[in-house]
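Have a look at the structure below before the remarks.
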Amino acid sequence: MSSVGRRTRAGLWAAAGVVALGFLVALEFAARRHGLPGPLTSQVREMVAAPKSGGLLYAALALTMVVLTWRQRFIAAGAAIGVDIVFALVRWAVDAETTGGHPFGNGALWVILGHAVIAVTRRTGRERVLLLKGVGLGLLLVAGRKTGDTWLLITSKTRPEVLDQYVATADHALGNPSWLVGRVVTATGSVGFNVLDVVYGQLAVAAVVVALYQLRGVAAERRFPSHHLVRTFLVIGLIGPAFYMIFPVVGPLFAYGTGTAHWAAVSLWAPEIPSSEHWAVADLWPRTPPPLGTPHPMPFDGITPRNCMPSLHTAWAAAIFLHTRKGPRVLRYAGTFWLIATLAATLGFGYHYGVDLIAGVVFVLTVEAALRTFDRGWDRSGIRLVAHGATVFAALLLSYRFLPSEMAEHPWVAGPLLVLAMASVIHGYVRTTAAWEPKAAPTRQPQPRPHPQPRTEPEPEPEPKPEPI
C-alpha cells in the first residue's frame with residue numbers, strides 16, 4: 001500500500017473512532033435523560049463493582065492478547081486472575097454483595113487498560129499501533145455489549161406502544177413458525193430448553209472463538225487481517241438497535257403469552273420475573289395461533305425491551321456461520337450447529353416471529369457485503385449487492401407494517417415471496433463474493449517426457465571373403 005493510501009486509511013479509522021466516541025457520549029446523555037446509566041458509566045463502574053458479565057470481559061482480554069507473544073499472554077492471564085483474587089478477598093472482607101453481577105472479570109478489564117498504558121508509555125512506532133489496536137478490539141467488544149444494553153433500556157422507555165399485532169398477522173404467511181417451534185421446545189422439557197438456552201446466551205463466546213481462529217496469525221505477522229468476525233459483530237450491534245426504535249416489537253412470548261414466567265418451571269438459572277400477561281393480547285403462545293383481525297399498535301410495559309425487528313441474534317449467528325466457511329471442518333460444523341440452534345431458540349423461546357428471522361438474515365448479509373465492499377473500494381458489484389440487500393430489507397419492513405392483513409389472507413403467495421426475497425439476497429451474496437475470491441493460478445500439466453530409445457549398436461559389416469587366386 002502506498003503512503004497516500006496508508007494516510008487515507010488512517011484518516012478513515014481516526015474519523016470512525018471520533019464518530020464512535022461521539023455516539024457513545026450521545027447515548028450516555030440519552031440514557032441519563034431517562035434516569036438510566038449509560039454505556040460509559042456502566043463500563044467505568046465495572047472497574048470496581050461486580051461486572052455484569054465476567055465471561056465477556058475475559059473474552060475481550062483474549063481478543064487483546066492476539067497481539068501478544070505466548071509469554072506475554074501467560075503473564076497477562078495470570079495478572080488478570082491475580083487481580084480477581086484480590087477483588088474477591090476484599091469483597092469477602094467487607095462483606096460486599098455481587099447481586100446482579102459476576103464475582104470475576106475486574107482483573108481482565110484492568111489488564112486490558114494496563115496494556116493501553118504500556119502501549120503509550122513503553123512502545124513506539126508500529127508496535128505501539130499494534131498494541132493499541134489489540135486494546136481497542138477488546139474494549140470495543142465490551143463497549144458493544146454496553147451500548148446494546150443501553151439501547152434496549154431506551155427502547156423500553158421511549159416506545160410505549162409496540163407493533164406486535166402487525167408482525168404476528170404477517171407471520172401467518174409463514175404458518176406461525178414461532179408457535180410451532182414453541183410447542184416442540186415446550187415438549188422437550190427442561191433438557192431441551194436449557195441446552196438451547198446455553199447456546200442462545202453464549203453467542204458472544206462462540207463469536208470470540210471464531211475470531212481468535214481468524215486472528216491467530218496477528219502476533220507473528222504483526223498486522224490484523226483486513227476483515228474478520230469482530231467487525232461484523234460490532235457493526236450489527238451498532239446499527240441494528242436503531243431499527244428497534246423504528247419498529248418496536250416485544251415478541252410472541254410477551255405479546256401473546258405470560259412472558260418469561262412461561263419458562264420459570266424448567267429454567268435452571270433464569271431470574272424470577274413477574275408475569276407480563278396483563279399486558280398481552282391474550283395467553284395464546286404457544287398453544288393457539290393468534291386470530292386474524294385488524295392489527296393496531298398496543299401499549300406495553302416500560303421494562304420489556306423492544307428488540308425483535310430484525311432478529312439480531314439471527315444476524316449474529318448467521319455471521320458466525322459465514323465466517324466459519326473457510327475454517328477447518330470442526331469449525332464449520334460448529335458454525336452450522338450454532339446457527340441452527342440459535343434459530344430454534346429464537347423461535348422456540350417465543351422471543352421472535354418468523355418474519356423477524358427473514359429480516360435478520362437479509363440484514364446481516366447486507367452488513368457483511370458493505371464491509372467487504374468497503375475493503376475492496378466500492379466497486380460496481382459491491383454497490384449493487386449492498387443496494388439490493390438494503391432495498392429488500394426496507395421492503396420487508398414496509399410490508400410487515402402496511403400489508404400484514406393482505407399477507408395473512410394470501411399466505412400461499414406472500415409466504416413464498418418472503419422466502420424468495422431472502423433467497424435472492426443469499427444468492428446475490430454467494431455469487432458476488434465468489435467472484436471476489438482470488439482465482440487460483442492454473443496448474444500446468446507436466447509434459448510427458450519421451451522415453452529414451454535403446455541405443456542399437458550398428459551391426460559390423462561382414463568381412464570380405466578373399467578372392468581365389
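Residues in the C-alpha cells are numbered from 1 in each chain, the chains being A, B, ... in the order shown, and ligands are numbered from 1 in the order shown.
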From a DSSP calculation on the backbone, collect every residue of stretch 64-125 of chain A in alpha helix (DSSP H) and output the set as a PyMOL selection string. chain A and resi 64+70-94+106-122+125
Close residues, stretch 110-124 of chain A itself excluded, 8 Å, only C-alpha atoms, min 3 positions apart in chain, as a PyMOL selection string: chain A and resi 47+61+64+76+79-80+106-107+127-129+131-132+135+138-139
Same residues, N, CA, C and O atoms, output as a CSV table (one decimal), in the first residue's frame:
```csv
chain,number,residue,atom,x,y,z
A,47,MET,N,-15.0,-1.3,36.8
A,47,MET,CA,-13.6,-1.3,37.2
A,47,MET,C,-13.5,-1.7,38.7
A,47,MET,O,-12.4,-2.3,39.1
A,61,LEU,N,-10.4,-9.7,26.9
A,61,LEU,CA,-8.9,-9.9,27.1
A,61,LEU,C,-8.3,-10.8,26.1
A,61,LEU,O,-7.2,-10.6,25.7
A,64,THR,N,-7.6,-9.0,23.0
A,64,THR,CA,-6.5,-8.1,23.2
A,64,THR,C,-5.2,-8.9,23.1
A,64,THR,O,-4.2,-8.4,22.5
A,76,ALA,N,-0.2,-11.9,31.2
A,76,ALA,CA,-1.5,-11.1,31.2
A,76,ALA,C,-2.6,-11.9,31.9
A,76,ALA,O,-3.3,-11.4,32.7
A,79,ALA,N,-2.0,-12.2,35.6
A,79,ALA,CA,-2.2,-10.9,36.2
A,79,ALA,C,-3.7,-10.7,36.4
A,79,ALA,O,-4.2,-10.2,37.5
A,80,ALA,N,-4.5,-11.0,35.4
A,80,ALA,CA,-6.0,-10.8,35.5
A,80,ALA,C,-6.5,-11.7,36.6
A,80,ALA,O,-7.4,-11.3,37.4
A,106,ASN,N,-13.2,-8.2,36.8
A,106,ASN,CA,-12.5,-6.9,37.0
A,106,ASN,C,-11.0,-7.0,36.6
A,106,ASN,O,-10.5,-6.1,36.0
A,107,GLY,N,-10.4,-8.1,36.9
A,107,GLY,CA,-9.0,-8.3,36.6
A,107,GLY,C,-8.7,-8.2,35.1
A,107,GLY,O,-7.8,-7.6,34.6
A,127,GLU,N,4.8,-1.0,16.7
A,127,GLU,CA,4.5,-1.9,17.9
A,127,GLU,C,3.4,-1.2,18.8
A,127,GLU,O,2.5,-1.8,19.3
A,128,ARG,N,3.5,0.2,18.9
A,128,ARG,CA,2.5,0.9,19.7
A,128,ARG,C,1.2,0.8,19.0
A,128,ARG,O,0.2,0.5,19.7
A,129,VAL,N,1.1,1.0,17.7
A,129,VAL,CA,-0.1,1.0,17.0
A,129,VAL,C,-0.8,-0.4,17.1
A,129,VAL,O,-2.0,-0.6,17.3
A,131,LEU,N,-0.4,-2.7,19.4
A,131,LEU,CA,-0.9,-3.0,20.8
A,131,LEU,C,-2.1,-2.2,21.1
A,131,LEU,O,-3.1,-2.7,21.7
A,132,LEU,N,-2.2,-1.0,20.6
A,132,LEU,CA,-3.4,-0.1,20.8
A,132,LEU,C,-4.6,-0.7,20.0
A,132,LEU,O,-5.7,-0.7,20.5
A,135,VAL,N,-5.9,-3.5,22.2
A,135,VAL,CA,-6.6,-3.0,23.3
A,135,VAL,C,-8.0,-2.5,22.8
A,135,VAL,O,-9.0,-2.7,23.4
A,138,GLY,N,-10.5,-5.3,22.1
A,138,GLY,CA,-11.1,-5.8,23.4
A,138,GLY,C,-12.1,-4.9,24.0
A,138,GLY,O,-13.2,-5.3,24.4
A,139,LEU,N,-11.8,-3.6,24.0
A,139,LEU,CA,-12.7,-2.6,24.6
A,139,LEU,C,-13.9,-2.4,23.7
A,139,LEU,O,-15.0,-2.1,24.2
```
Counting only C-alpha atoms, closest pick from A:His172, A:His278, A:Lys52, A:Arg231 relative to A:His323 is A:Arg231
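Closest approach to A:Pro299 among A:Ser226, A:Thr158, A:Pro39, A:Thr366 is made by A:Thr158 (distances from only C-alpha atoms).
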Nearest candidate to A:Pro291 (options A:Phe321, A:Tyr256, A:Trp92, A:Phe87; using only C-alpha atoms):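 Distance minimum relative to A:Pro291 lands on A:Tyr256.
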Could you pull the residues within 9 Å of A:Ala207, counting only C-alpha atoms, minus those fewer than 6 positions along the same chain, as a ChimeraX atom specification? /A:229-230,233,316-317,319-320
Just to be explicit: take each residue in the selection above, keep N, CA, C and O atoms, and write the result as an mmCIF file, in the first residue's frame.
```cif
data_model
loop_
_atom_site.group_PDB
_atom_site.id
_atom_site.type_symbol
_atom_site.label_atom_id
_atom_site.label_comp_id
_atom_site.auth_asym_id
_atom_site.auth_seq_id
_atom_site.Cartn_x
_atom_site.Cartn_y
_atom_site.Cartn_z
ATOM 1 N N LEU A 229 -14.512 -11.416 11.955
ATOM 2 C CA LEU A 229 -15.863 -11.504 12.506
ATOM 3 C C LEU A 229 -16.174 -10.382 13.486
ATOM 4 O O LEU A 229 -17.318 -9.927 13.568
ATOM 5 N N VAL A 230 -15.186 -9.917 14.248
ATOM 6 C CA VAL A 230 -15.459 -8.897 15.255
ATOM 7 C C VAL A 230 -16.018 -7.632 14.608
ATOM 8 O O VAL A 230 -16.923 -6.989 15.157
ATOM 9 N N PHE A 233 -19.690 -8.228 13.878
ATOM 10 C CA PHE A 233 -20.456 -8.252 15.127
ATOM 11 C C PHE A 233 -20.702 -6.848 15.650
ATOM 12 O O PHE A 233 -21.815 -6.497 16.074
ATOM 13 N N TRP A 316 -26.369 -12.304 14.141
ATOM 14 C CA TRP A 316 -25.063 -12.675 14.701
ATOM 15 C C TRP A 316 -24.736 -14.152 14.446
ATOM 16 O O TRP A 316 -23.599 -14.482 14.112
ATOM 17 N N ALA A 317 -25.726 -15.022 14.618
ATOM 18 C CA ALA A 317 -25.481 -16.441 14.363
ATOM 19 C C ALA A 317 -25.169 -16.685 12.890
ATOM 20 O O ALA A 317 -24.303 -17.513 12.556
ATOM 21 N N ALA A 319 -23.731 -14.520 10.947
ATOM 22 C CA ALA A 319 -22.373 -14.002 10.738
ATOM 23 C C ALA A 319 -21.334 -15.033 11.158
ATOM 24 O O ALA A 319 -20.315 -15.225 10.476
ATOM 25 N N ILE A 320 -21.572 -15.723 12.282
ATOM 26 C CA ILE A 320 -20.666 -16.798 12.701
ATOM 27 C C ILE A 320 -20.624 -17.884 11.628
ATOM 28 O O ILE A 320 -19.552 -18.396 11.273
#
```
Quick one: residues within 12 Å of A:Leu40, only C-alpha atoms counted, chain neighbours fewer than 3 positions away excluded, as a PyMOL selection string? chain A and resi 21-32+36-37+43-47+139-140+142-147+149-150
Go through A:Arg183, A:Lys133, A:Arg126, A:Arg222 and flag the residue nearest A:Thr69, using only C-alpha atoms for the distances. A:Arg222
I'd like the contact shell of stretch 341-348 of chain A - 9 Å cut-off, only C-alpha atoms, skipping same-chain residues fewer than 4 positions apart - returned as an MDAnalysis selection string. chainID A and resid 177:186 193 196:197 199:200 203 286 311 313:314 317 336:337 352:354 357
Pick from A:Met309, A:Leu174, A:Leu163, A:Ala20 nearest to A:Pro289, counting only C-alpha atoms: A:Leu174
Of A:Ala370, A:Ala220, A:Leu68, A:Ala108, the one nearest to A:Ile85 when counting only C-alpha atoms is A:Ala108
Neighbour list for A:Trp151 as JSON, numbers by chain, cut-off 9 Å, only C-alpha atoms, skip fewer than 6 positions in-chain: {"A": [27, 31, 241, 242, 244, 245, 305]}
Shell around stretch 325-327 of chain A at 10 Å using only C-alpha atoms, local window under 4 positions removed, as a PDB file with N, CA and C atoms, in the first residue's frame:
```
ATOM      1  N   VAL A 210     -14.386 -18.040  17.175  1.00  0.00           N
ATOM      2  CA  VAL A 210     -14.158 -17.924  15.725  1.00  0.00           C
ATOM      3  C   VAL A 210     -13.181 -16.791  15.434  1.00  0.00           C
ATOM      4  N   TYR A 213      -9.613 -17.716  16.049  1.00  0.00           N
ATOM      5  CA  TYR A 213      -9.050 -18.515  14.955  1.00  0.00           C
ATOM      6  C   TYR A 213      -8.656 -17.608  13.785  1.00  0.00           C
ATOM      7  N   GLN A 214      -9.515 -16.649  13.444  1.00  0.00           N
ATOM      8  CA  GLN A 214      -9.202 -15.758  12.332  1.00  0.00           C
ATOM      9  C   GLN A 214      -7.994 -14.871  12.632  1.00  0.00           C
ATOM     10  N   ILE A 320     -21.572 -15.723  12.282  1.00  0.00           N
ATOM     11  CA  ILE A 320     -20.666 -16.798  12.701  1.00  0.00           C
ATOM     12  C   ILE A 320     -20.624 -17.884  11.628  1.00  0.00           C
ATOM     13  N   PHE A 321     -21.784 -18.239  11.111  1.00  0.00           N
ATOM     14  CA  PHE A 321     -21.843 -19.264  10.060  1.00  0.00           C
ATOM     15  C   PHE A 321     -21.023 -18.833   8.840  1.00  0.00           C
ATOM     16  N   LEU A 331     -14.689 -26.385  12.845  1.00  0.00           N
ATOM     17  CA  LEU A 331     -15.217 -25.027  12.981  1.00  0.00           C
ATOM     18  C   LEU A 331     -16.433 -24.826  12.090  1.00  0.00           C
ATOM     19  N   ARG A 332     -16.421 -25.418  10.904  1.00  0.00           N
ATOM     20  CA  ARG A 332     -17.582 -25.316  10.019  1.00  0.00           C
ATOM     21  C   ARG A 332     -18.793 -26.009  10.632  1.00  0.00           C
ATOM     22  N   TYR A 333     -18.569 -27.180  11.207  1.00  0.00           N
ATOM     23  CA  TYR A 333     -19.672 -27.900  11.860  1.00  0.00           C
ATOM     24  C   TYR A 333     -20.211 -27.093  13.044  1.00  0.00           C
ATOM     25  N   GLY A 335     -20.111 -23.823  13.465  1.00  0.00           N
ATOM     26  CA  GLY A 335     -20.859 -22.671  12.961  1.00  0.00           C
ATOM     27  C   GLY A 335     -22.243 -23.051  12.487  1.00  0.00           C
ATOM     28  N   THR A 336     -22.347 -24.197  11.822  1.00  0.00           N
ATOM     29  CA  THR A 336     -23.653 -24.670  11.367  1.00  0.00           C
ATOM     30  C   THR A 336     -24.555 -25.014  12.554  1.00  0.00           C
TER      31      THR A 336
END
```
If I take atom CA of A:Leu292 and atom CA of A:Leu403, how far is one from the other in Å, to one decimal?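 A separation of 13.3 Å between them.
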